[in-house]
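Single-structure report; data block below.
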Amino acid sequence: MTTWAFVVLNWNGGEDTLRCLASLCAVAGDHAVYVADNGSTDGSVAAIRAAHPEAVVIENGANLGYSGGNNPAIARAIADGADWVVLFNNDAEAEPGALRALQAAAAAHPDAGVLAGKLLFEDGRVQWAGQHVGLRTGYSGRPRGYGRPDGPEWSVDGPVDRAVGALMAVSRPAIEAVGTFDDALFAYVEDVDWSLRIREAGFACHFVAGARAVHALSAATGGDAGSTATLYYGARNTIVVCERHLPLGRARTGLRRLTIAATFFLRAALVQRSPAAFAAVGTGVRDGVARRLGPRGSARRV
């Protein structure tokens, strides 16, 4: 029997995490649930243990970011015998049938190392139903179906370039082959990097439309429109991941960096419109070019 494990990362997000865990309990059955905590101070660890004694809580003791925060729980799940590890954002709620859809896809695609689920906004519109990774330009565009009403057009399974960490399943052989998330990326684009590393190791990545969750975008960092973290880490890590997986000559590397910078500056102008947003993009681009990675504010050259 194939064993599945669910991993949820918590960082001062008690209410979101409790809602997420309630939804997972409805789909996980006898499969294990792990909660990794990044040094929360809001009392959420005690609340999680009280409400879900069946969950294995791993206290990291500090904010290790999305990458470093999830990695100990992923490693623990594999050590405990999981064949597949399902990453689930704490601000996401699983819809019924999500695990059954993943199980069916794993059986149908023995070459798969990654299974990518579908994400929806609370009003039922599509947030993510697959996405191209534009390594050559650094611009990947909107996810398939973004902002559109969910429907048959966005419900077709098939190969996809990458998965999203808010709902992705990764197999034991893939993890054993390439390891876990890159801790140095800290947050954002680490799921792209992991998907690409797994594909480069010879595994396939499949979109599974029936594995669905409602997702509050970037809630852990203040929301997509309220946090400069998405801009800093997005710009920095997009540069790093593109150059890691598709090295180009000097001129084309420079052009790609300009494209990435322009994309994030435009996003800062359209969404946040603040000096702090523009500064975050500028710092992110500089740190990406210099390979200063790790947490923002204390990034160091890697």
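Each chain in the structure tokens gets a letter, A, B and so on, in the order shown; residues start at 1 in every chain, and ligands are counted from 1 in the order they appear.
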
Quiz item: Which of stretch 105-170 of chain A counts as strand (DSSP E or B) under DSSP, as a PyMOL selection string please?
Solution: chain A and resi 112-120+125-128+149+158-159+167-170

Exercise. Determine which residues of stretch 62-278 of chain A receive a DSSP assignment of alpha helix (DSSP H), computed from the backbone, and state them as a PyMOL selection string.
Key: chain A and resi 65-79+98-108+172-178+190-200+229-245+250-267+275-278

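Residues lying within 9 Å of A:Leu119, counting only C-alpha atoms and ignoring same-chain neighbours fewer than 3 positions away, are A:Ala92, A:Arg125, A:Val126, A:Gln127, A:Trp128, A:Ala129, A:Val164, A:Ala166, A:Leu167, A:Ala211, A:Arg212, A:Ala213, A:Val214, A:His215.
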
Write a file of the just-selected residues containing N, CA and C atoms, as a tab-separated table (two decimals), in the first residue's frame.
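Listed below is the output, part_11.tsv:
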chain	number	residue	atom	x	y	z
A	92	ALA	N	-4.34	27.35	2.81
A	92	ALA	CA	-5.12	26.62	1.81
A	92	ALA	C	-6.03	25.62	2.50
A	125	ARG	N	-12.90	31.24	-8.70
A	125	ARG	CA	-12.08	31.48	-9.88
A	125	ARG	C	-10.74	30.74	-9.76
A	126	VAL	N	-10.16	30.48	-10.91
A	126	VAL	CA	-8.90	29.74	-10.94
A	126	VAL	C	-7.75	30.64	-10.51
A	127	GLN	N	-6.91	30.14	-9.63
A	127	GLN	CA	-5.68	30.82	-9.26
A	127	GLN	C	-4.49	30.19	-9.97
A	128	TRP	N	-4.49	28.86	-10.07
A	128	TRP	CA	-3.37	28.16	-10.72
A	128	TRP	C	-3.88	26.83	-11.26
A	129	ALA	N	-3.66	26.63	-12.58
A	129	ALA	CA	-4.02	25.36	-13.21
A	129	ALA	C	-2.93	24.95	-14.19
A	164	VAL	N	3.23	24.16	-7.67
A	164	VAL	CA	3.21	25.25	-6.70
A	164	VAL	C	3.24	24.64	-5.30
A	166	ALA	N	2.00	25.46	-2.63
A	166	ALA	CA	0.75	25.48	-1.88
A	166	ALA	C	0.01	24.16	-1.97
A	167	LEU	N	0.24	23.38	-3.04
A	167	LEU	CA	-0.36	22.05	-3.18
A	167	LEU	C	0.44	21.27	-4.20
A	211	ALA	N	-7.18	17.39	-7.85
A	211	ALA	CA	-6.60	17.70	-6.53
A	211	ALA	C	-6.71	19.20	-6.34
A	212	ARG	N	-7.74	19.64	-5.66
A	212	ARG	CA	-8.08	21.05	-5.59
A	212	ARG	C	-8.02	21.59	-4.17
A	213	ALA	N	-7.67	22.88	-4.08
A	213	ALA	CA	-7.67	23.56	-2.79
A	213	ALA	C	-8.00	25.03	-3.02
A	214	VAL	N	-8.67	25.62	-2.04
A	214	VAL	CA	-8.89	27.06	-2.03
A	214	VAL	C	-7.73	27.70	-1.30
A	215	HIS	N	-7.12	28.72	-1.91
A	215	HIS	CA	-5.87	29.26	-1.40
A	215	HIS	C	-5.94	30.77	-1.25

Self-check item: Selection near A:Thr2, 9 Å with only C-alpha atoms, sequence-local residues under 2 positions removed, as a list in words
Solution: Trp4, Ala82, Asp83, Trp84 and Gln103 of chain A

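If only C-alpha atoms are the atoms counted, then among A:Ala216, A:Val156, A:Ala50, A:Leu266 the closest residue to A:Asp16 is A:Ala216.
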
Would you give me, as a Markdown table, each residue of stretch 208-258 of chain A having an atom within 6 Å of an atom of stretch 275-288 of chain A, along with its shortest atom pair and that distance in Å to one decimal, using only C-alpha atoms and sorting by chain and residue number?
| residue | atom | partner | partner_atom | distance |
| --- | --- | --- | --- | --- |
| A:Thr228 | CA | A:Ala277 | CA | 5.4 |
| A:Leu231 | CA | A:Val281 | CA | 5.6 |
| A:Tyr232 | CA | A:Gly284 | CA | 4.5 |
| A:Ala235 | CA | A:Gly284 | CA | 5.4 |
| A:Arg236 | CA | A:Gly288 | CA | 4.2 |
| A:Ile239 | CA | A:Gly288 | CA | 5.7 |
| A:Val240 | CA | A:Gly288 | CA | 5.7 |

Quiz prompt | Residues near A:His52, cut-off 12 Å, only C-alpha atoms, skip fewer than 6 positions along chain, as a VMD selection string | solution = chain A and resid 17 to 25 32 to 35 44 to 46

Skip A:Ala101 itself and residues of its chain fewer than 3 positions away, then list as a PDB file with N, CA and C atoms, in the first residue's frame all residues within 9 Å of it, counting only C-alpha atoms.
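Written output follows (part01.pdb):
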ATOM      1  N   GLY A  97     -11.864  14.856  -2.072  1.00  0.00           N
ATOM      2  CA  GLY A  97     -11.385  14.123  -3.243  1.00  0.00           C
ATOM      3  C   GLY A  97      -9.966  14.470  -3.660  1.00  0.00           C
ATOM      4  N   ALA A  98      -9.325  15.411  -2.966  1.00  0.00           N
ATOM      5  CA  ALA A  98      -7.977  15.814  -3.366  1.00  0.00           C
ATOM      6  C   ALA A  98      -6.991  14.653  -3.301  1.00  0.00           C
ATOM      7  N   ALA A 104      -4.814   8.482  -7.749  1.00  0.00           N
ATOM      8  CA  ALA A 104      -5.114   7.983  -9.091  1.00  0.00           C
ATOM      9  C   ALA A 104      -4.047   8.435 -10.084  1.00  0.00           C
ATOM     10  N   ALA A 105      -3.593   9.682  -9.950  1.00  0.00           N
ATOM     11  CA  ALA A 105      -2.569  10.189 -10.856  1.00  0.00           C
ATOM     12  C   ALA A 105      -1.241   9.473 -10.650  1.00  0.00           C
ATOM     13  N   ALA A 106      -0.884   9.196  -9.392  1.00  0.00           N
ATOM     14  CA  ALA A 106       0.356   8.486  -9.112  1.00  0.00           C
ATOM     15  C   ALA A 106       0.336   7.090  -9.717  1.00  0.00           C
ATOM     16  N   VAL A 208      -2.698  17.715 -11.845  1.00  0.00           N
ATOM     17  CA  VAL A 208      -3.822  16.863 -11.444  1.00  0.00           C
ATOM     18  C   VAL A 208      -4.992  17.782 -11.102  1.00  0.00           C
ATOM     19  N   ALA A 209      -5.909  17.951 -12.038  1.00  0.00           N
ATOM     20  CA  ALA A 209      -6.986  18.936 -11.890  1.00  0.00           C
ATOM     21  C   ALA A 209      -7.932  18.595 -10.752  1.00  0.00           C
ATOM     22  N   GLY A 210      -8.064  17.301 -10.438  1.00  0.00           N
ATOM     23  CA  GLY A 210      -8.996  16.900  -9.391  1.00  0.00           C
ATOM     24  C   GLY A 210      -8.480  17.104  -7.981  1.00  0.00           C
ATOM     25  N   ALA A 211      -7.184  17.391  -7.846  1.00  0.00           N
ATOM     26  CA  ALA A 211      -6.602  17.700  -6.531  1.00  0.00           C
ATOM     27  C   ALA A 211      -6.706  19.202  -6.342  1.00  0.00           C
ATOM     28  N   ARG A 212      -7.741  19.636  -5.662  1.00  0.00           N
ATOM     29  CA  ARG A 212      -8.081  21.054  -5.593  1.00  0.00           C
ATOM     30  C   ARG A 212      -8.020  21.591  -4.174  1.00  0.00           C
TER      31      ARG A 212
END

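Non-sequential neighbours of A:Arg162 (distance at most 7 Å, separation of 2 or more positions within a chain, only C-alpha atoms) are Gln131, Val160, Val164, Val192, Ser195, Leu196 and Cys205 of chain A.
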
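With only C-alpha atoms as the basis for measurement, A:Trp11 is the residue among A:Trp11, A:Phe181, A:Phe6, A:Phe264 that approaches A:Ser40 most closely.
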